[in-house]
Amino acid sequence: LELAEKPEQADVLIFNTCSIRDHAEQKLYDLLGPYCARKRNGEELALIVTGCVAQQEGEALLKKVPELDVVLGPQYVPFLANVLEQIEWGVQLVVTAPMLHQEDQSLGGVVNDDSFMTKPIRGHSVRGFVNVIHGCNEHCTYCVVPATRGMEQSRPMERILAECLDMAEQGYREITLLGQNIDAYGRDMTPRRNFAQLLEFLNTHLPETIRVRYTTSHPRYMSHRAIDAIADLDRICEGFHV
């Protein structure tokens, strides 16, 4: 596959979607219209919808837009190569079932960097983002995240550090740790870990050239140990995002 300069030149189109507001969801249907028309007119196009709208709508999205080839939940993006192989055979797929992230696969106790996990494309050469926990368990009445991104799944500290070190080697200087409820980091692990331990671990192993921020904290889980870590650790920026 090669990246097309314009969408009109592409024969595989991937729509990465957001469903936090209805306007974002309606925008997807507006964008799909011209490409669905091209497909009805006989052009060979592969239309793939991923992200939160795909996860939220599932098979219903395929019924609304039958020209789609794939409805792909965000947790399945690492398997995109496998999905493309399937649609070459004319298979229509809805892949949104809950799954566990498995990036901590290892061989002989050594992290396998050639695993199926995709690497992010970063839009800045100095600042970058690193996911540390996926999903959320809170089910707040105003928020769709638990329904679209699944339950909390913390990434292993060692994999987070490996990604940060790789960014440091590329010249990045500021890393923002991401989590819908980042203070819940580690409570799903065995043995349990916590966000303060993650900050301490990164502060110990990251080079002095790196500074670390994070987002977003839930007041229910913010701890005195995390507050002390943010105040005392020299690579952690002194700021709170609540």
# chains A, B, ... in the order shown; residues from 1 in each chain; ligands from 1
call {"tool": "residues_around", "arguments": {"residues": "Tyr29 of chain A", "least_positions_apart": "5", "cutoff": "10 Å", "atoms": "only C-alpha atoms", "output": "JSON, numbers by chain"}}
result
{"A": [24, 34, 36, 61, 64, 65]}
call {"tool": "residues_around", "arguments": {"residues": "segment 212-225 of chain A", "least_positions_apart": "2", "cutoff": "8 Å", "atoms": "only C-alpha atoms", "output": "JSON, numbers by chain"}}
result
{"A": [174, 175, 176, 177, 178, 179, 180, 181, 182, 183, 184, 196, 210, 227, 228, 229, 235, 236, 237, 239, 240, 241, 242]}
call {"tool": "select_by_dssp", "arguments": {"residues": "segment 10-164 of chain A", "states": "alpha helix (DSSP H)", "output": "PyMOL selection string"}}
result
chain A and resi 22-40+52-57+59-64+80-88+145-149+157-164
call {"tool": "closest_residue", "arguments": {"among": "A:Ala60, A:Leu68, A:Val126, A:Leu198", "to": "Ala168 of chain A", "atoms": "only C-alpha atoms"}}
result
A:Val126
call {"tool": "residues_around", "arguments": {"residues": "Leu80 of chain A", "least_positions_apart": "3", "cutoff": "12 Å", "atoms": "only C-alpha atoms", "output": "list in words"}}
result
Val12, Ile14, Ile48, Val49, Thr50, Val70, Val71, Leu72, Gly73, Pro74, Gln75, Tyr76, Val77, Val83, Leu84, Glu85, Gln86, Ile87, Leu93, Val95, Phe116, Met117 and Thr118 of chain A
call {"tool": "closest_residue", "arguments": {"among": "A:Val53, A:Leu3, A:Met99, A:Cys164", "to": "Met151 of chain A", "atoms": "only C-alpha atoms"}}
result
A:Met99
call {"tool": "closest_residue", "arguments": {"among": "A:Ser19, A:Ser154, A:Gln9, A:Thr204", "to": "Glu43 of chain A", "atoms": "only C-alpha atoms"}}
result
A:Gln9
call {"tool": "select_by_dssp", "arguments": {"residues": "segment 167-230 of chain A", "states": "strand (DSSP E or B)", "output": "list in words"}}
result
Glu174, Ile175, Thr176, Leu177, Leu178, Gly179, Arg211, Val212, Arg213, Tyr214 and Thr215 of chain A
call {"tool": "write_last_selection", "arguments": {"atoms": "all heavy atoms", "output": "PDB file, in the first residue's frame"}}
result
ATOM      1  N   GLU A 174       9.228  16.325  24.964  1.00  0.00           N
ATOM      2  CA  GLU A 174       8.087  16.372  25.880  1.00  0.00           C
ATOM      3  C   GLU A 174       7.112  15.254  25.544  1.00  0.00           C
ATOM      4  O   GLU A 174       6.693  15.112  24.395  1.00  0.00           O
ATOM      5  CB  GLU A 174       7.377  17.721  25.806  1.00  0.00           C
ATOM      6  CG  GLU A 174       6.206  17.831  26.787  1.00  0.00           C
ATOM      7  CD  GLU A 174       5.627  19.229  26.828  1.00  0.00           C
ATOM      8  OE1 GLU A 174       6.356  20.157  27.215  1.00  0.00           O
ATOM      9  OE2 GLU A 174       4.441  19.393  26.462  1.00  0.00           O
ATOM     10  N   ILE A 175       6.778  14.445  26.548  1.00  0.00           N
ATOM     11  CA  ILE A 175       5.869  13.317  26.381  1.00  0.00           C
ATOM     12  C   ILE A 175       4.661  13.512  27.286  1.00  0.00           C
ATOM     13  O   ILE A 175       4.817  13.782  28.482  1.00  0.00           O
ATOM     14  CB  ILE A 175       6.572  11.990  26.713  1.00  0.00           C
ATOM     15  CG1 ILE A 175       7.718  11.731  25.723  1.00  0.00           C
ATOM     16  CG2 ILE A 175       5.585  10.834  26.712  1.00  0.00           C
ATOM     17  CD1 ILE A 175       8.587  10.549  26.089  1.00  0.00           C
ATOM     18  N   THR A 176       3.468  13.397  26.719  1.00  0.00           N
ATOM     19  CA  THR A 176       2.239  13.474  27.496  1.00  0.00           C
ATOM     20  C   THR A 176       1.646  12.077  27.605  1.00  0.00           C
ATOM     21  O   THR A 176       1.342  11.437  26.594  1.00  0.00           O
ATOM     22  CB  THR A 176       1.211  14.419  26.846  1.00  0.00           C
ATOM     23  OG1 THR A 176       1.780  15.739  26.752  1.00  0.00           O
ATOM     24  CG2 THR A 176      -0.067  14.488  27.680  1.00  0.00           C
ATOM     25  N   LEU A 177       1.499  11.594  28.839  1.00  0.00           N
ATOM     26  CA  LEU A 177       0.898  10.297  29.089  1.00  0.00           C
ATOM     27  C   LEU A 177      -0.619  10.430  29.009  1.00  0.00           C
ATOM     28  O   LEU A 177      -1.196  11.354  29.577  1.00  0.00           O
ATOM     29  CB  LEU A 177       1.297   9.779  30.473  1.00  0.00           C
ATOM     30  CG  LEU A 177       2.800   9.768  30.791  1.00  0.00           C
ATOM     31  CD1 LEU A 177       3.029   9.291  32.212  1.00  0.00           C
ATOM     32  CD2 LEU A 177       3.562   8.905  29.786  1.00  0.00           C
ATOM     33  N   LEU A 178      -1.268   9.506  28.304  1.00  0.00           N
ATOM     34  CA  LEU A 178      -2.699   9.615  28.053  1.00  0.00           C
ATOM     35  C   LEU A 178      -3.484   8.508  28.742  1.00  0.00           C
ATOM     36  O   LEU A 178      -3.076   7.348  28.757  1.00  0.00           O
ATOM     37  CB  LEU A 178      -2.984   9.531  26.545  1.00  0.00           C
ATOM     38  CG  LEU A 178      -2.448  10.641  25.656  1.00  0.00           C
ATOM     39  CD1 LEU A 178      -2.827  10.363  24.208  1.00  0.00           C
ATOM     40  CD2 LEU A 178      -2.972  11.988  26.095  1.00  0.00           C
ATOM     41  N   GLY A 179      -4.626   8.895  29.293  1.00  0.00           N
ATOM     42  CA  GLY A 179      -5.575   7.941  29.844  1.00  0.00           C
ATOM     43  C   GLY A 179      -6.882   8.649  30.121  1.00  0.00           C
ATOM     44  O   GLY A 179      -6.863   9.790  30.601  1.00  0.00           O
ATOM     45  N   ARG A 211      10.848  15.662  29.464  1.00  0.00           N
ATOM     46  CA  ARG A 211       9.906  16.086  30.492  1.00  0.00           C
ATOM     47  C   ARG A 211       8.559  15.416  30.210  1.00  0.00           C
ATOM     48  O   ARG A 211       8.195  15.175  29.050  1.00  0.00           O
ATOM     49  CB  ARG A 211       9.757  17.602  30.530  1.00  0.00           C
ATOM     50  CG  ARG A 211       9.240  18.236  29.250  1.00  0.00           C
ATOM     51  CD  ARG A 211       9.289  19.750  29.337  1.00  0.00           C
ATOM     52  NE  ARG A 211       8.751  20.391  28.150  1.00  0.00           N
ATOM     53  CZ  ARG A 211       8.848  21.700  27.898  1.00  0.00           C
ATOM     54  NH1 ARG A 211       9.461  22.491  28.767  1.00  0.00           N
ATOM     55  NH2 ARG A 211       8.325  22.204  26.804  1.00  0.00           N
ATOM     56  N   VAL A 212       7.820  15.122  31.279  1.00  0.00           N
ATOM     57  CA  VAL A 212       6.611  14.308  31.170  1.00  0.00           C
ATOM     58  C   VAL A 212       5.411  15.070  31.713  1.00  0.00           C
ATOM     59  O   VAL A 212       5.462  15.621  32.824  1.00  0.00           O
ATOM     60  CB  VAL A 212       6.781  12.975  31.934  1.00  0.00           C
ATOM     61  CG1 VAL A 212       5.482  12.162  31.897  1.00  0.00           C
ATOM     62  CG2 VAL A 212       7.934  12.168  31.352  1.00  0.00           C
ATOM     63  N   ARG A 213       4.343  15.095  30.931  1.00  0.00           N
ATOM     64  CA  ARG A 213       3.042  15.592  31.386  1.00  0.00           C
ATOM     65  C   ARG A 213       2.048  14.435  31.333  1.00  0.00           C
ATOM     66  O   ARG A 213       2.403  13.325  30.912  1.00  0.00           O
ATOM     67  CB  ARG A 213       2.564  16.738  30.484  1.00  0.00           C
ATOM     68  CG  ARG A 213       3.491  17.949  30.463  1.00  0.00           C
ATOM     69  CD  ARG A 213       2.892  19.077  29.639  1.00  0.00           C
ATOM     70  NE  ARG A 213       3.824  20.179  29.492  1.00  0.00           N
ATOM     71  CZ  ARG A 213       3.983  21.155  30.371  1.00  0.00           C
ATOM     72  NH1 ARG A 213       3.255  21.143  31.480  1.00  0.00           N
ATOM     73  NH2 ARG A 213       4.845  22.123  30.176  1.00  0.00           N
ATOM     74  N   TYR A 214       0.806  14.689  31.709  1.00  0.00           N
ATOM     75  CA  TYR A 214      -0.197  13.627  31.660  1.00  0.00           C
ATOM     76  C   TYR A 214      -1.588  14.231  31.576  1.00  0.00           C
ATOM     77  O   TYR A 214      -1.805  15.413  31.872  1.00  0.00           O
ATOM     78  CB  TYR A 214      -0.105  12.740  32.909  1.00  0.00           C
ATOM     79  CG  TYR A 214      -0.589  13.448  34.156  1.00  0.00           C
ATOM     80  CD1 TYR A 214      -1.899  13.318  34.582  1.00  0.00           C
ATOM     81  CD2 TYR A 214       0.266  14.286  34.871  1.00  0.00           C
ATOM     82  CE1 TYR A 214      -2.358  14.000  35.688  1.00  0.00           C
ATOM     83  CE2 TYR A 214      -0.175  14.962  35.984  1.00  0.00           C
ATOM     84  CZ  TYR A 214      -1.496  14.815  36.389  1.00  0.00           C
ATOM     85  OH  TYR A 214      -1.941  15.507  37.484  1.00  0.00           O
ATOM     86  N   THR A 215      -2.542  13.437  31.160  1.00  0.00           N
ATOM     87  CA  THR A 215      -3.952  13.797  31.121  1.00  0.00           C
ATOM     88  C   THR A 215      -4.765  12.494  30.991  1.00  0.00           C
ATOM     89  O   THR A 215      -4.317  11.578  30.327  1.00  0.00           O
ATOM     90  CB  THR A 215      -4.241  14.758  29.949  1.00  0.00           C
ATOM     91  OG1 THR A 215      -5.588  15.171  29.960  1.00  0.00           O
ATOM     92  CG2 THR A 215      -3.942  14.105  28.607  1.00  0.00           C
TER      93      THR A 215
END
call {"tool": "closest_residue", "arguments": {"among": "A:Thr209, A:Gln56, A:Asn41, A:Thr17", "to": "Thr148 of chain A", "atoms": "only C-alpha atoms"}}
result
A:Gln56
call {"tool": "atom_distance", "arguments": {"atom1": "atom CA of Glu59 of chain A", "atom2": "atom CA of Lys39 of chain A"}}
result
19.6 Å
call {"tool": "residues_around", "arguments": {"residues": "Tyr35 of chain A", "least_positions_apart": "4", "cutoff": "9 Å", "atoms": "only C-alpha atoms", "output": "mmCIF file with N, CA, C and O atoms, in the first residue's frame"}}
result
data_model
loop_
_atom_site.group_PDB
_atom_site.id
_atom_site.type_symbol
_atom_site.label_atom_id
_atom_site.label_comp_id
_atom_site.auth_asym_id
_atom_site.auth_seq_id
_atom_site.Cartn_x
_atom_site.Cartn_y
_atom_site.Cartn_z
ATOM 1 N N GLU A 8 -9.446 11.247 -3.395
ATOM 2 C CA GLU A 8 -10.044 10.840 -4.662
ATOM 3 C C GLU A 8 -9.167 9.854 -5.419
ATOM 4 O O GLU A 8 -9.640 9.141 -6.305
ATOM 5 N N LEU A 13 -9.999 3.503 1.602
ATOM 6 C CA LEU A 13 -10.244 4.689 2.415
ATOM 7 C C LEU A 13 -10.628 4.264 3.824
ATOM 8 O O LEU A 13 -11.508 3.420 4.011
ATOM 9 N N LEU A 31 -19.374 12.583 4.846
ATOM 10 C CA LEU A 31 -18.112 12.266 4.164
ATOM 11 C C LEU A 31 -18.233 11.000 3.325
ATOM 12 O O LEU A 31 -17.634 10.897 2.248
ATOM 13 N N LYS A 39 -18.726 3.884 -5.474
ATOM 14 C CA LYS A 39 -18.759 2.429 -5.390
ATOM 15 C C LYS A 39 -19.996 1.870 -6.087
ATOM 16 O O LYS A 39 -19.929 0.844 -6.771
ATOM 17 N N ARG A 40 -21.137 2.541 -5.938
ATOM 18 C CA ARG A 40 -22.361 2.098 -6.616
ATOM 19 C C ARG A 40 -22.233 2.206 -8.126
ATOM 20 O O ARG A 40 -22.869 1.462 -8.872
ATOM 21 N N LEU A 45 -13.533 0.240 -4.717
ATOM 22 C CA LEU A 45 -13.097 0.960 -3.529
ATOM 23 C C LEU A 45 -13.306 0.082 -2.310
ATOM 24 O O LEU A 45 -14.267 -0.677 -2.238
ATOM 25 N N LEU A 47 -14.007 0.616 1.605
ATOM 26 C CA LEU A 47 -14.393 1.634 2.585
ATOM 27 C C LEU A 47 -14.386 1.014 3.979
ATOM 28 O O LEU A 47 -15.123 0.063 4.247
ATOM 29 N N GLU A 67 -22.620 -0.010 1.584
ATOM 30 C CA GLU A 67 -21.427 0.022 0.732
ATOM 31 C C GLU A 67 -20.140 -0.192 1.513
ATOM 32 O O GLU A 67 -19.077 -0.427 0.921
#
